[in-house]
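Step one of this worksheet: look at the structure below.
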Amino acid sequence: MAKKKFSKEWVMQHINDPYVKLAQQKGYRARAAFKLAEILDVEKLLRRGDIVVDLGAAPGSWSQVARERLIGPGGVIDGRIVALDLLPMEPIAGVGFIQGDFSDEAILKQLEQALDGRLVDLVMSDMSPNLSGVSSADSVRVQQVIELALDFALTHLRPEGALIVKAFHGSGFSQIVETFKKHFRRVVERKPKASRDKSAETFLVARGLKQ
């Protein structure tokens with residue numbers, strides 16, 4: 001009964017969520033679009049001409065936001081967006097998409113080929129592992145996903161580029177922050193308004209690779 005009640009509560013919360021309604025009005029595929037938009041605004045990230053990699057992209061709302069900001073005169077994208085996810089994603093005009101496991105060497109090679117050897121201005125990851133509810137196991141899974149995004153960023157970012165990753169407060173979080181600080185000159189934590197108060201979710205924004 002408790003589980004049924006919880007899911008009913010979640011459905012009601014979702015239906016009444018102003019960001020869900022706003023996402024529907026604006027044609028975004030998920031309310032997560034507003035989380036990214038706020039981070040980009042506050043951090044003054046993403047300009048025309050930028051090259052963006054969107055990890056864990058499906059259903060595509062982050063790629064939609066990135067696309068809007070790269071649109072130049074005549075509605076043409078000025079820059080490049082390459083999105084990747086294990087799950088399929090409905091096409092977005094002008095956004096390249098690769099379906100596969102980011103930890104798979106062959107998929108990583110595909111991503112590198114799509115970039116044509118060019119360095120990236122922004123790596124953004126809304127990736128989240130399947131959580132089991134066992135906090136110790138889940139924190140390890142979250143850390144692994146973040147480390148995948150970090151490893152990619154360290155190899156493919158421009159020196160002044162930025163990395164945005166979804167993280168969760170709890171076991172291992174402070175270690176993740178320390179690891180980021182070893183590699184980036186500026187690391188900040190952002191909790192956008194669209195991120196629910198009850199959620200342990202937060203976002204780390206890292207900028208400027210240390211040489």
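Residue numbering restarts at 1 for every chain of the structure tokens, chains are lettered A, B, ... in their displayed order, and ligands are numbered from 1 as they appear.
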- Counting only C-alpha atoms, what is within 8 Å of Gln64 (chain A), bar same-chain residues fewer than 2 positions away, as a list in words? Tyr28, Ala33, Gly60, Ser61, Trp62, Ala66, Arg67, Glu68 and Ile92 of chain A
Problem - Shell of 12 Å around Gln24 (chain A), only C-alpha atoms, local chain residues under 5 positions omitted, as a list in words - result: Ile15, Asp17, Pro18, Tyr19, Arg29, Ala30, Arg31, Ala32, Ala33, Phe34 and Ser61 of chain A
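Remark: for Gly208 (chain A), the closest of the candidate residues A:Leu87, A:Val123, A:Leu115, A:Leu157 is A:Leu157 (distances computed over only C-alpha atoms).
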Judged by only C-alpha atoms, the minimum distance to Ala57 (chain A) among A:Asp78, A:Glu43, A:Asp126, A:Asp104 is found for A:Asp126
Using only C-alpha atoms, the residue out of A:Leu55, A:Met124, A:Leu154, A:Leu70 with shortest distance to Leu111 (chain A) is A:Leu55
For Glu147 (chain A), list every protein, DNA or RNA residue within 10 Å, evaluated using only C-alpha atoms, and leave out those in the same chain fewer than 6 positions away; present the list as a list in words.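 Surrounding residues, per the criterion: Arg141, Ala153, Val165, Ile176, Thr179 and Phe180 of chain A.
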Save out the residues we just selected, C-alpha atoms, as a CSV table (one decimal), in the first residue's frame.
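Output (out-v6.csv):
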chain,number,residue,atom,x,y,z
A,141,ARG,CA,27.7,3.8,-9.0
A,153,ALA,CA,36.4,16.1,-20.2
A,165,VAL,CA,27.8,17.0,-14.0
A,176,ILE,CA,34.2,13.9,-5.9
A,179,THR,CA,38.9,15.3,-7.3
A,180,PHE,CA,37.4,18.0,-9.5
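A straight line drawn from CA of Pro59 (chain A) to CA of Pro91 (chain A) is 9.7 Å long.
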Please return as a ChimeraX atom specification: the residues of chain A that backbone DSSP assigns to alpha helix (DSSP H). /A:2-16,18-26,32-43,61-70,105-114,135-156,173-183
Contacts between region 190-198 of chain A and region 129-171 of chain A, please, where a residue of region 129-171 of chain A counts if it comes within 12 Å (with only C-alpha atoms); show its shortest atom pair and distance in Å to one decimal, rows by chain and ascending number, as JSON lines.
{"residue": "A:Ile164", "atom": "CA", "partner": "A:Arg190", "partner_atom": "CA", "distance": 9.7}
{"residue": "A:Val165", "atom": "CA", "partner": "A:Arg190", "partner_atom": "CA", "distance": 10.1}
{"residue": "A:Lys166", "atom": "CA", "partner": "A:Arg190", "partner_atom": "CA", "distance": 9.6}
{"residue": "A:Ala167", "atom": "CA", "partner": "A:Arg190", "partner_atom": "CA", "distance": 10.2}
{"residue": "A:Phe168", "atom": "CA", "partner": "A:Lys191", "partner_atom": "CA", "distance": 10.7}
{"residue": "A:His169", "atom": "CA", "partner": "A:Lys191", "partner_atom": "CA", "distance": 11.1}
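Computed from the coordinates, the CA of Asp101 (chain A) to CA of Val52 (chain A) distance equals 18.4 Å.
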Enumerate as a short mmCIF file (atom, residue, chain, number, x, y, z; two decimals) with C-alpha atoms, in the first residue's frame all residues of chain A assigned to strand (DSSP E or B) by DSSP on the backbone, naming them with the chain letters and numbers the document uses.
data_model
loop_
_atom_site.label_atom_id
_atom_site.label_comp_id
_atom_site.auth_asym_id
_atom_site.auth_seq_id
_atom_site.Cartn_x
_atom_site.Cartn_y
_atom_site.Cartn_z
CA ILE A 51 31.23 22.55 -29.43
CA VAL A 52 29.08 20.70 -26.90
CA VAL A 53 28.94 17.06 -25.79
CA ASP A 54 25.74 15.99 -24.00
CA LEU A 55 26.24 12.74 -22.04
CA ILE A 71 21.14 29.08 -33.28
CA ILE A 77 23.30 26.09 -35.66
CA ARG A 80 28.14 21.56 -32.88
CA ILE A 81 26.23 19.36 -30.43
CA VAL A 82 26.90 15.65 -30.09
CA ALA A 83 24.53 13.78 -27.75
CA LEU A 84 24.97 10.27 -26.39
CA ASP A 85 22.81 7.88 -24.39
CA VAL A 95 22.06 17.56 -33.06
CA GLY A 96 24.21 14.49 -33.69
CA PHE A 97 23.19 11.44 -31.64
CA ILE A 98 25.04 8.26 -30.75
CA GLN A 99 23.22 5.45 -28.96
CA VAL A 120 35.11 20.68 -26.73
CA ASP A 121 33.90 23.91 -25.08
CA LEU A 122 31.29 22.29 -22.83
CA VAL A 123 30.81 18.74 -21.60
CA MET A 124 27.49 18.33 -19.82
CA SER A 125 26.32 15.18 -18.11
CA LEU A 157 38.01 19.89 -23.22
CA ARG A 158 39.63 23.12 -24.34
CA PRO A 159 41.87 24.61 -21.61
CA GLU A 160 39.15 27.18 -20.79
CA GLY A 161 36.28 24.72 -21.29
CA ALA A 162 33.67 23.69 -18.72
CA LEU A 163 32.15 20.51 -17.34
CA ILE A 164 28.67 20.26 -15.80
CA VAL A 165 27.75 17.01 -14.02
CA LYS A 166 24.82 15.84 -11.97
CA ALA A 167 25.87 14.61 -8.54
CA PHE A 168 24.11 13.66 -5.30
CA PHE A 184 39.99 22.50 -12.50
CA ARG A 185 40.74 26.04 -11.38
CA ARG A 186 37.12 26.76 -10.44
CA VAL A 187 34.58 24.28 -9.07
CA VAL A 188 31.16 25.38 -7.83
CA GLU A 189 28.00 23.61 -6.74
CA ARG A 190 24.67 24.69 -8.22
CA GLU A 201 20.55 16.09 -6.57
CA THR A 202 23.00 18.91 -7.17
CA PHE A 203 25.21 19.99 -10.07
CA LEU A 204 28.94 20.55 -10.14
CA VAL A 205 30.29 23.11 -12.59
CA ALA A 206 34.04 22.92 -13.22
CA ARG A 207 35.92 25.43 -15.36
CA GLY A 208 39.47 25.99 -16.56
CA LEU A 209 41.69 22.93 -16.74
#
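Coordinates place CA of Leu22 (chain A) at a distance of 29.3 Å from CA of Val145 (chain A).
Counting only C-alpha atoms and comparing A:Arg48, A:Lys21, A:Lys182, A:His156, the residue that lies closest to Glu112 (chain A) is A:His156.
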**Message:** So, with only C-alpha atoms as the atoms that count, which of A:Leu40, A:Ser128, A:Lys181, A:Gly117 lies closest to Lys210 (chain A)?
**Reply:**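 Using only C-alpha atoms, Lys210 (chain A) sits closest to A:Lys181.
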